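Visitor: Below are the structure tokens for one structure; questions will follow.
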Amino acid sequence: MQKPVQDSNGAAEQGARVTYVHAEAGDAGQRIDNFLMRTLKDVPRSLVYRILRSGEVRVNGGRAKPDYRLADGDRIRVPPIKVKPREPAGIPSRSLRDLIAGSVIHEDRDLLVVNKPAGVSVHGGSGVSTGVIETLRALRPELKELELVHRLDRDTSGCLLVAKRRAALRNLHAQLREREMDKHYLALLGGRWPFGAKTIELPLKTNLKQGGERIVRVHEDGQEAITHFKPIEQFAKVATLMDVSIGTGRTHQIRVHAAHCGHPIAGDEKYGDREVDARLKAFGLRRMFLHAHTLSFARPDSAGEFTVRAPLPEELETVLQNLREPARAKAQGESQPPPPPQK
């Protein structure tokens, strides 16, 4: 990606006048909305989409839709943008740096895989100055092209892919786009799941509440969303451990589909059931029980499939062990011979 070049009036600074950016080979195949968000680092996401919808962004002289994919040499017109300067990114604390450094479960030439801890954002924003990606950049300043491949909710733990090279990022984004990446989660749902293996195909729409909080709902005007639920283990009528895989990657997708079925994810403060969560606290539940467990995808330099797994965090494993105790005690009691009659 080249730096913005001056227009006919001599403008070269973002926010003053029209600028032009040329896509290079490393940008080919990337969506223009993602390209602009990477290029215009101080510009809010909502503003990027606004200038795209209004036709102010042009590629080779023509209007560009947000899903347009760049080609090497494309000339992108960027309109004048005036934004309030963003506060300098915070410096990750020593504890956060140590936490993220200790959470890397795989690294090779192209990738870092982090077992993201719950409660840590993947990136800064919305009142959070630093997240996983900012911390990795602070830890590894020699890696100039570190980018998130996908995202996880702040309270979700597990496998998070980070590309070390732009070529790897493009390849993985293509697999996500073509739904060729296999993503499995472990989720504890409230109550007894009655449906067996079930696929939920219900469109989702994101609305912003006051204060900028995102709320997602099932809505006929929403985007396609496909979630596959498969029960693994039943804990009486209290909860069900599920294997969940997704065919699409919508915001809060698993959480909203689970809640819509009447079995929300345990510990989900936004879409959950307070009564169920209160009951599960007795078994040690202290956070949302959603964990990105397994990722499988093709690698360009390998004939086989690459798979990485993030072990279930200890605090979630403890919840499962505690839930198993009543069932185990009951089973043991039924297997014991009756006591001898008293004389």
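A note on labels: chains of the structure tokens are A, B, ... as shown, every chain counts residues from 1, and ligands are counted from 1 in their shown order.
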Would you mind listing what lies within 9 Å of Leu323 in chain A as a PyMOL selection string, with only C-alpha atoms counted and same-chain residues fewer than 5 positions away left out?

Guide: chain A and resi 235-236+238-239+280+283+318

Visitor: Write to file, as a short mmCIF file (atom, residue, chain, number, x, y, z; two decimals), in the first residue's frame, the residues of the selection just made, with N, CA and C atoms.

Guide:
data_model
loop_
_atom_site.label_atom_id
_atom_site.label_comp_id
_atom_site.auth_asym_id
_atom_site.auth_seq_id
_atom_site.Cartn_x
_atom_site.Cartn_y
_atom_site.Cartn_z
N PHE A 235 -26.36 -32.56 31.99
CA PHE A 235 -26.23 -32.50 33.46
C PHE A 235 -27.63 -32.33 34.05
N ALA A 236 -28.33 -33.49 34.19
CA ALA A 236 -29.71 -33.49 34.68
C ALA A 236 -30.52 -32.46 33.90
N VAL A 238 -30.13 -29.23 34.61
CA VAL A 238 -29.45 -27.98 34.93
C VAL A 238 -28.83 -27.34 33.69
N ALA A 239 -28.09 -28.12 32.91
CA ALA A 239 -27.34 -27.55 31.79
C ALA A 239 -26.94 -28.65 30.82
N LEU A 280 -26.29 -21.96 38.56
CA LEU A 280 -24.98 -22.50 38.16
C LEU A 280 -23.82 -21.91 38.96
N PHE A 283 -22.14 -24.20 41.22
CA PHE A 283 -21.19 -25.15 40.64
C PHE A 283 -19.89 -24.47 40.23
N THR A 318 -13.52 -26.83 35.91
CA THR A 318 -14.00 -27.02 37.29
C THR A 318 -15.51 -27.02 37.35
#

Visitor: Using the chain letters and numbers from this document, which residues of range 213-257 of chain A does DSSP assign to strand (DSSP E), as number ranges by chain?

Guide: A: 214-218, 226-235, 239-246

Visitor: Measuring atom to atom with only C-alpha atoms, identify which of A:His184, A:Lys116, A:Arg63, A:Arg154 is nearest to Pro313 in chain A.

Guide: A:Lys116

Visitor: Go through A:Ala167, A:Met181, A:Leu241, A:Gly222 and flag the residue nearest Glu305 in chain A, using only C-alpha atoms for the distances.

Guide: A:Met181

Visitor: Applying 8 Å and only C-alpha atoms, which residues near Arg75 in chain A remain after dropping the ones on its own chain fewer than 6 positions away? List them as a list in words.

Guide: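 Listing them by chain and then by number gives Tyr20, Val21, His22, Ala23, Val59, Asn60 and Gly61 of chain A.
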
Visitor: Within 7 Å of Asp67 in chain A, counting only C-alpha atoms, which residues show up once you throw out same-chain ones fewer than 5 positions away? Write them as a list in words, please.

Guide: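 Counting only the stated atoms, we get Arg31, Ile32 and Asp33 of chain A.
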
Visitor: Which of these, A:Lys183, A:Gln234, A:Glu24, A:Gln175, has the shortest distance to Pro300 in chain A once you count only C-alpha atoms?

Guide: A:Gln175

Visitor: When you count only C-alpha atoms, which of these residues is closest to Asp108 in chain A: A:Arg274, A:Lys164, A:Arg309, A:Arg324?

Guide: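 Checking each of A:Arg274, A:Lys164, A:Arg309, A:Arg324 against Asp108 in chain A, counting only C-alpha atoms, the winner is A:Lys164.
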
Visitor: May I have the residues within 6 Å of Ser296 in chain A as a VMD selection string, using only C-alpha atoms and disregarding those fewer than 6 positions away in the same chain?

Guide: chain A and resid 181 to 182 306 to 307

Visitor: Go ahead and save the residues from that selection, with N, CA and C atoms, as an mmCIF file, in the first residue's frame.

Guide:
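Wrote selection27.cif, looks like this:
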data_model
loop_
_atom_site.group_PDB
_atom_site.id
_atom_site.type_symbol
_atom_site.label_atom_id
_atom_site.label_comp_id
_atom_site.auth_asym_id
_atom_site.auth_seq_id
_atom_site.Cartn_x
_atom_site.Cartn_y
_atom_site.Cartn_z
ATOM 1 N N MET A 181 -13.105 -22.689 6.610
ATOM 2 C CA MET A 181 -12.444 -22.843 7.900
ATOM 3 C C MET A 181 -13.433 -23.453 8.886
ATOM 4 N N ASP A 182 -12.998 -24.494 9.558
ATOM 5 C CA ASP A 182 -13.857 -25.223 10.495
ATOM 6 C C ASP A 182 -13.603 -24.692 11.903
ATOM 7 N N PHE A 306 -4.532 -28.215 8.682
ATOM 8 C CA PHE A 306 -3.897 -27.761 9.915
ATOM 9 C C PHE A 306 -4.972 -27.597 10.983
ATOM 10 N N THR A 307 -4.749 -28.161 12.159
ATOM 11 C CA THR A 307 -5.708 -28.072 13.261
ATOM 12 C C THR A 307 -4.994 -27.592 14.518
#

Visitor: Identify, on the basis of only C-alpha atoms, every residue whose closest approach to Phe289 in chain A does not exceed 9 Å; exclude the query and any residue fewer than 6 positions from it along the same chain; express the result as a ChimeraX atom specification.

Guide: /A:155-157,186-189,265-268,316

Visitor: Would you save the residues from that selection as a JSON list (two decimals), in the first residue's frame, using N, CA and C atoms?

Guide:
[["chain", "number", "residue", "atom", "x", "y", "z"],
["A", 155, "ASP", "N", -15.65, -11.68, 26.31],
["A", 155, "ASP", "CA", -15.83, -12.68, 27.36],
["A", 155, "ASP", "C", -15.72, -14.12, 26.86],
["A", 156, "THR", "N", -15.40, -14.29, 25.58],
["A", 156, "THR", "CA", -15.16, -15.62, 25.01],
["A", 156, "THR", "C", -13.67, -15.92, 25.05],
["A", 157, "SER", "N", -13.33, -17.12, 25.46],
["A", 157, "SER", "CA", -11.92, -17.54, 25.47],
["A", 157, "SER", "C", -11.65, -18.44, 24.27],
["A", 186, "LEU", "N", -16.91, -24.86, 22.50],
["A", 186, "LEU", "CA", -17.56, -25.56, 23.60],
["A", 186, "LEU", "C", -18.42, -24.54, 24.34],
["A", 187, "ALA", "N", -19.69, -24.88, 24.52],
["A", 187, "ALA", "CA", -20.62, -23.96, 25.18],
["A", 187, "ALA", "C", -21.48, -24.73, 26.16],
["A", 188, "LEU", "N", -21.71, -24.15, 27.32],
["A", 188, "LEU", "CA", -22.63, -24.73, 28.30],
["A", 188, "LEU", "C", -23.93, -23.94, 28.21],
["A", 189, "LEU", "N", -25.00, -24.65, 27.83],
["A", 189, "LEU", "CA", -26.30, -24.01, 27.70],
["A", 189, "LEU", "C", -27.17, -24.33, 28.89],
["A", 265, "ILE", "N", -26.55, -19.31, 26.67],
["A", 265, "ILE", "CA", -25.25, -19.72, 27.19],
["A", 265, "ILE", "C", -25.12, -19.33, 28.65],
["A", 266, "ALA", "N", -24.64, -20.24, 29.45],
["A", 266, "ALA", "CA", -24.48, -20.00, 30.88],
["A", 266, "ALA", "C", -23.52, -18.84, 31.11],
["A", 267, "GLY", "N", -23.93, -17.91, 31.98],
["A", 267, "GLY", "CA", -23.08, -16.79, 32.32],
["A", 267, "GLY", "C", -23.11, -15.64, 31.34],
["A", 268, "ASP", "N", -23.98, -15.70, 30.35],
["A", 268, "ASP", "CA", -24.06, -14.62, 29.35],
["A", 268, "ASP", "C", -24.90, -13.48, 29.93],
["A", 316, "LEU", "N", -13.45, -23.25, 33.75],
["A", 316, "LEU", "CA", -14.60, -23.89, 33.09],
["A", 316, "LEU", "C", -14.57, -25.40, 33.30]]

Visitor: What does the distance from CA of Asp243 in chain A to CA of Gly284 in chain A come to in Å, to one decimal?

Guide: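 Taking CA of Asp243 in chain A as the start and CA of Gly284 in chain A as the end point, the length is 20.8 Å.
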
Visitor: Can you tell me how far CA of Arg179 in chain A sits from CA of Ile51 in chain A, in Å to one decimal?

Guide: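 Distance reported for this atom pair: 28.5 Å.
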
Visitor: Rounded to one decimal in Å, what is the spacing between CA of Ser121 in chain A and CA of Val244 in chain A?

Guide: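 Those two atoms sit 21.6 Å apart.
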
Visitor: Give me the residues within 12 Å of Gly119 in chain A as an MDAnalysis selection string, counting only C-alpha atoms and dropping any in the same chain fewer than 4 places off.

Guide: chainID A and resid 96 99 123 128 131:132 152:158 286:288 290

Visitor: For each of A:Leu204, A:Ala197, A:Val18, A:Leu160, take the minimum atom-to-atom distance to Lys230 in chain A, counting only C-alpha atoms, then give the residue where this is smallest.

Guide: A:Ala197

Visitor: Per residue of range 232-262 of chain A within 12 Å of range 212-220 of chain A, what are the shortest atom pair and its distance in Å to one decimal, counting only C-alpha atoms, with rows by chain and residue number, as CSV?

Guide:
residue,atom,partner,partner_atom,distance
A:Arg250,CA,A:Val216,CA,9.3
A:Thr251,CA,A:Val216,CA,7.3
A:His252,CA,A:Val216,CA,6.8
A:Gln253,CA,A:Val216,CA,8.1
A:Ile254,CA,A:Val216,CA,10.8
A:Arg255,CA,A:Val216,CA,9.3
A:Val256,CA,A:Arg217,CA,6.7
A:His257,CA,A:Val218,CA,7.8
A:Ala258,CA,A:Val218,CA,11.0
A:Ala259,CA,A:Arg217,CA,10.0
A:His260,CA,A:Val218,CA,7.7
A:Cys261,CA,A:Val218,CA,11.0

Visitor: Just the selected residues (C-alpha atoms), exported as an mmCIF file, in the first residue's frame, please.

Guide:
data_model
loop_
_atom_site.group_PDB
_atom_site.id
_atom_site.type_symbol
_atom_site.label_atom_id
_atom_site.label_comp_id
_atom_site.auth_asym_id
_atom_site.auth_seq_id
_atom_site.Cartn_x
_atom_site.Cartn_y
_atom_site.Cartn_z
ATOM 1 C CA ARG A 250 -21.913 -12.778 12.707
ATOM 2 C CA THR A 251 -21.569 -10.687 15.841
ATOM 3 C CA HIS A 252 -22.793 -12.610 18.934
ATOM 4 C CA GLN A 253 -24.118 -15.313 16.608
ATOM 5 C CA ILE A 254 -23.851 -18.353 18.905
ATOM 6 C CA ARG A 255 -25.119 -16.411 21.892
ATOM 7 C CA VAL A 256 -28.205 -15.070 20.127
ATOM 8 C CA HIS A 257 -29.139 -18.339 18.418
ATOM 9 C CA ALA A 258 -28.791 -20.243 21.697
ATOM 10 C CA ALA A 259 -30.958 -17.728 23.554
ATOM 11 C CA HIS A 260 -33.546 -17.773 20.754
ATOM 12 C CA CYS A 261 -33.883 -21.546 21.263
#
